[in-house]
Amino acid sequence: MNLQLIFNGISLGAVYALIAVGFAIVFSILKFSNFAHGGMISACTYIAYFFQASFAKTPPLWVTIVVTSIAGLFIALILDTIGYRSVRRKNSPNIYYFVTSITFAILIEQILTVFFGKTSYGFPAMFEKKSFEVLGANISTLDFVILLISIAILIVLMLVIEKTKLGLAIRAVSIDSKTGRLMGINSGSVIIFTFALAGILAGISGTLLGMKYSVYPGLGGSMLVKGVIASTIGGLGSMSGAIIAALLLGVIEMLSVYNLGSSVTPVILFGIMLLFLFIRPQGISGKYAQDKV
Amino acid sequence: MSEYILKTEEISKNFGGVSAVDKFSMKISEGEIQGIIGPNGAGKTTIFNLLSHIYCPDTGTVELNGVDVTAKDQITIASMGLSRTFQNTRLFTGLNVLDNVKVGLDHNGKYSIIEAFFKLPRVRREEKRIEAEAKKCLEVLELSKYEKARPSNLPYGIQRRVEIARALASNPKILMLDEPAAGLNPEEVFELIDFIRDIKKNFKLSILIIEHRMDLIMNLCDYIYVQDFGHTIAEGTPEEIQCNPAVLAAYLGEEE
Amino acid sequence: MSSYQISLIIQACISVISITGIFALTGLAGMFSLGQAAYMAIGSYTTFILANRLGIPFWFTAIIGIGFSALIAFIAALPTVRLRKDYFSLITIGLGQAIIALLITFSKVTNGAQGFTKIPKVKNLVWIALVITIIMVIIIRNLKYSRFGRMCIALKNDELAAKSFAINVYRLKITIYILASIIASISGILIGLQSRVLLPETFGWTASSEQEIFLFFGGTNSLTGAVVSAFSLKILPELLRNVTLFGQSMQEYRTILYCILIILVLNFRTAGLFGEYELNFNFLKKGFHKLKSKKSAKKNNGREDS
């Protein structure tokens with residue numbers, strides 16, 4: 001029993017990790033909480049559903065994921081063009097990024113609600129063999145596949161951040177964008193690339209979440225909350241912290257739902273976040289942006 | 001009662017292994033003007049940040065008016081009569097010049113928020129007093145004609161003067177000026193020297209200045225501390241400092 | 001005037017009352033909260049449930065309702081005002097959600113999602129609403145021009161510099177937060193009186209974000225802008241009631257409309273429609289003084305002659 005719970009928790013945590021990283025990556029560059037991420041996830045979930053449903057024979061999973069990644073990328077770039085760009089140009093205080101992202105989040109959720117109604121859709125079944133046994137625990141194929149995909153994406157992401165020139169640029173800009181510019185890094189394009197990356201992550205998360213849960217406008221929002229909690233516990237802006245925290249969060253959530261029920265669980269998760277905020281605001285990783293005098 | 005307005009005993013500050021300030025001691029009495037000079041990176045602004053308690057000293061003690069304030073926080077220190085300007089002007093962009101200066105007086109305002117809601121007579125009286133005091137500070141620095149202007153629309157030199165006016169408004173016992181002449185042309189620097197002299201004449205306070213510009217420091221200060229890499233390499237009157245070989249070697253010898 | 005139009009005016013008044021609180025909170029003190037609707041809920045539910053259970057007129061229980069709101073605000077503010085702005089906003093969202101969840105969990109008392117309807121009818125509600133609106137606008141306007149207003153703007157612009165002028169930023173933030181919660185609870189009570197039903201979904205985060213959107217549209221620095229914005233944006237969807245798009249009444253698009261307007265404003269007039277402009281009645285005062293000085297000049301002339 002326990003092994004199954006833990007496995008489910010890790011699988012859930014892996015998806016949260018994708019969301020948390022998408023959130024953390026924008027925070028580390030621009031120092032604001034990008035709520036629009038939830039909206040992007042919701043939108044991509046719908047795109048994934050309609051893409052799959054429009055073919056007589058359900059396309060393979062990897063195709064859907066590629067499609068939604070591209071969709072997520074485009075949505076992110078659109079949001080950047082109509083919203084974030086003007087904040088950058090005018091050098092407005094950070095709060096305007098925040099307000100813009102909240103507006104986008106509401107806008108997307110409302111558009112989805114108005115056009116697709118409040119009914120939820122369900123993805124067609126993906127796998128023939130619904131589950132298999134490992135060491136006495138019943139592992140759902142879906143969860144297993146989600147876990148694999150998430151881990152793969154995260155590894156690729158970490159490699160990009162740590163090993164490529166672009167990743168280096170991102171890290172530099174996240175520490176100090178002015179010095180970055182002096183060093184020849186075009187912070188404008190790094191920012192756009194970061195948004196694009198977040199968009200791709202949102203797209204992938206959207207597909208995976210849609211498969212695991214059902215498709216409704218608020219999906220992105222409620223999942224984002226988990227991502228935010230993970231990101232906060234992990235240390236806002238730290239990617240590795242977000243991943244570790246997300247995995248832990250998934251496991252804790254599973255255990256809590258099983259032992260204490262699903263209505264109390266959100267309160268517990270939120271409570272853990274509050275605990276961290278007050279006792280260790282810099283989170284697990286210890287990253288914490290501070291005011292310079 | 002101690003005779004010193006501000007006294008520190010060997011305060012130090014470390015940042016991740018780098019010693020920004022190492023055992024800095026100073027004492028300043030009422031009415032004195034003292035200066036801290038040194039090359040960039042010598043830790044001068046860190047000293048100011050320690051004194052105004054933006055940072056807490058790792059070691060050493062700070063005494064304000066004879067009271068040990070080493071462990072106190074920034075807000076308390078400010079309310080005890082320590083006022084400062086910043087290296088990069090930090091004026092409030094959402095307020096005009098007059099309001100910026102009024103802010104220096106606001107924490108001591110004698111009416112409550114409920115009274116403010118209904119603009120009771122006491123509010124009007126207090127606001128009149130605050131306005132009069134703020135205008136006086138602007139006058140001393142010849143800024144009266146900029147009263148209604150927004151800081152972001154003003155030339156840099158004027159902004160720096162507004163900062164001084166604002167710090168002055170809080171009626172401090174010690175006024176700390178962080179590089180007040182930075183970015184000013186020679187004519188403006190002469191004006192500044194006169195302004196600081198006027199301030200000393202019209203207000204009862206001590207002044208502590210961080211500066212690069214030798215003309216300002218030598219002209220105004222009664223006593224000078226010379227910092228380099230966080231250490232005090234020399235201290236004394238302007239005449240003493242001018243002749244000090246260590247100072248000449250480390251600092252005055254360089255072309256400004 | 002039809003009862004529909006009257007109800008519209010009341011709704012507009014409620015919107016304006018709420019925005020004065022948001023103006024103080026976000027416009028003056030720079031605290032961005034997406035959970036103000038929670039205090040609307042606390043205020044209204046407490047007031048009407050107590051009135052119903054204890055059989056006392058709601059005017060009295062309203063005081064308890066508002067007081068309870070203020071208390072919760074105080075408890076919520078104490079630990080959170082020292083956190084970064086992002087964290088603060090996140091927590092306000094959580095608080096808002098938590099209150100809604102509580103309202104549904106305790107359906108025995110609150111009648112949950114079906115709505116609490118035991119609310120008395122008040123005659124001439126529109127006059128009460130108008131009076132409260134005017135009082136609130138005056139209060140917040142006076143606040144803005146007082147030393148507290150200045151200190152709030154100072155702490156919003158630069159918290160560190162504000163502290164260096166002995167402004168107790170934490171105490172000030174807590175005070176303003178409590179003030180905003182009181183105003184929110186008052187508007188919540190009015191919502192109850194007007195619609196005669198309390199539903200948890202009315203107080204969700206859409207309601208909270210709506211108010212912040214109104215504020216940013218009108219201008220975070222202008223009370224006039226905030227008031228005009230709150231008034232007109234609230235009425236606008238009602239006016240477009242009969243216009244349809246894709247087969248659905250414009251009403252459904254209300255929130256989408258708000259979002260689009262905000263994005264336009266943020267792009268083209270970031271400071272808000274009204275920017276820094278504040279309506280003031282100085283021109284009236286000047287005219288009055290001119291009249292007085294003319295009169296006294298005439299008097300003096302008369303005396304000199306005689």
# chains A, B, ... in the order shown; residues from 1 in each chain; ligands from 1

$ interface_residues --of "chain B" --to "chain C" --cutoff "8 Å" --atoms "only C-alpha atoms" --output "NGL selection string"
:B and (52 or 74-79 or 83-84 or 90-95 or 99 or 103-104 or 106-107 or 109 or 113 or 116-119 or 123 or 127 or 167 or 170)

$ write_last_selection --atoms "C-alpha atoms" --output "short mmCIF file (atom, residue, chain, number, x, y, z; two decimals), in the first residue's frame"
data_model
loop_
_atom_site.label_atom_id
_atom_site.label_comp_id
_atom_site.auth_asym_id
_atom_site.auth_seq_id
_atom_site.Cartn_x
_atom_site.Cartn_y
_atom_site.Cartn_z
CA SER B 52 21.60 54.02 10.53
CA GLN B 74 16.43 51.25 11.77
CA ILE B 75 13.11 52.88 12.64
CA THR B 76 14.03 53.40 16.29
CA ILE B 77 17.40 54.92 15.45
CA ALA B 78 15.73 57.31 13.03
CA SER B 79 13.25 58.39 15.67
CA SER B 83 18.87 61.34 9.76
CA ARG B 84 20.63 60.60 6.48
CA ARG B 90 15.93 58.01 -2.76
CA LEU B 91 13.27 60.64 -3.02
CA PHE B 92 9.64 59.57 -3.01
CA THR B 93 8.59 59.75 -6.62
CA GLY B 94 4.87 59.77 -5.85
CA LEU B 95 5.09 62.99 -3.84
CA ASP B 99 5.45 66.66 0.49
CA VAL B 103 7.54 63.26 5.28
CA GLY B 104 10.57 64.02 7.41
CA ASP B 106 5.26 63.19 9.59
CA HIS B 107 6.18 60.50 12.08
CA GLY B 109 2.68 64.49 13.72
CA ILE B 113 -5.66 58.65 11.85
CA ALA B 116 -7.31 62.69 9.86
CA PHE B 117 -10.45 61.08 8.41
CA PHE B 118 -12.62 63.96 9.44
CA LYS B 119 -10.07 66.76 9.07
CA VAL B 123 -5.42 68.28 11.87
CA GLU B 127 -0.72 70.47 8.89
CA ALA B 167 16.71 64.89 6.09
CA SER B 170 13.14 65.59 10.72
#

$ interface_residues --of "chain A" --to "chain C" --cutoff "10 Å" --atoms "only C-alpha atoms" --output "ChimeraX atom specification"
/A:31-33,82-87,89-90,92-111,113-115,225,228-229,232,236,263,266-267,270-271,273-274,277-278,281,289-293

$ interface_residues --of "chain B" --to "chain A" --cutoff "9 Å" --atoms "only C-alpha atoms" --output "ChimeraX atom specification"
/B:49,54,86-88

$ atom_distance --atom1 "atom CA of His212 of chain B" --atom2 "atom CA of Ser144 of chain B"
28.5 Å

$ residues_around --residues "segment 228-230 of chain C" --least-positions-apart "6" --cutoff "8 Å" --atoms "only C-alpha atoms" --output "VMD selection string"
chain C and resid 12 15 to 16 19 211 214 to 215 217 to 218

$ residues_around --residues "segment 186-190 of chain B" --least-positions-apart "4" --cutoff "8 Å" --atoms "only C-alpha atoms" --output "PyMOL selection string"
chain B and resi 157+181+194+216

$ residues_around --residues "Leu205 of chain B" --least-positions-apart "2" --cutoff "7 Å" --atoms "only C-alpha atoms" --output "list in words"
Glu30, Gly31, Pro172, Lys173, Ile174, Lys200, Phe203 and Ile207 of chain B

$ residues_around --residues "Tyr225 of chain B" --least-positions-apart "2" --cutoff "8 Å" --atoms "only C-alpha atoms" --output "compact mmCIF listing (two decimals) with C-alpha atoms, in the first residue's frame"
# COMPACT_ATOMS: atom_id res chain seq x y z
CA GLN B 34 33.15 65.39 10.67
CA GLY B 35 34.03 63.59 7.49
CA ILE B 36 34.81 60.09 6.29
CA ILE B 37 36.92 59.86 3.18
CA TYR B 223 37.75 66.11 12.08
CA GLN B 227 39.24 54.72 5.35
CA THR B 232 40.84 53.52 9.42
CA ILE B 233 44.31 54.36 8.19
CA ALA B 234 44.34 57.83 9.70
CA GLU B 235 42.19 60.31 11.58
CA GLY B 236 42.62 63.90 12.64

$ closest_residue --among "C:Ala226, C:Ala113, C:Ile10, C:Ile64" --to "Ile49 of chain C" --atoms "only C-alpha atoms"
C:Ile64

$ residues_around --residues "Thr46 of chain B" --least-positions-apart "5" --cutoff "9 Å" --atoms "only C-alpha atoms" --output "JSON, numbers by chain"
{"B": [13, 20, 21, 51, 55]}

$ write_last_selection --atoms "N, CA, C and O atoms" --output "compact mmCIF listing (two decimals), in the first residue's frame"
# COMPACT_ATOMS: atom_id res chain seq x y z
N LYS B 13 31.79 44.89 10.05
CA LYS B 13 30.76 44.19 9.27
C LYS B 13 31.44 43.32 8.23
O LYS B 13 32.28 43.79 7.47
N ALA B 20 34.00 44.27 5.18
CA ALA B 20 33.72 45.58 4.59
C ALA B 20 34.15 46.70 5.52
O ALA B 20 34.64 47.73 5.08
N VAL B 21 33.91 46.50 6.79
CA VAL B 21 34.30 47.50 7.78
C VAL B 21 34.98 46.78 8.92
O VAL B 21 34.47 45.79 9.44
N LEU B 51 25.58 52.64 10.90
CA LEU B 51 25.14 53.66 11.85
C LEU B 51 23.63 53.84 11.81
O LEU B 51 22.99 53.98 12.85
N TYR B 55 22.15 47.78 8.30
CA TYR B 55 22.79 46.52 8.68
C TYR B 55 23.05 46.55 10.18
O TYR B 55 23.20 47.62 10.77

$ atom_distance --atom1 "atom CA of Lys204 of chain B" --atom2 "atom CA of Gly183 of chain B"
27.9 Å

$ select_by_dssp --residues "segment 60-301 of chain C" --states "alpha helix (DSSP H)" --output "PyMOL selection string"
chain C and resi 60-80+85-105+107-110+125-145+147-157+159-163+169-195+205-218+223-239+254-268+282-301

$ atom_distance --atom1 "atom CA of Met176 of chain B" --atom2 "atom CA of Glu139 of chain B"
19.8 Å

$ closest_residue --among "A:Leu147, A:Leu219, A:Met211, A:Ile161" --to "Ser11 of chain A" --atoms "only C-alpha atoms"
A:Leu147
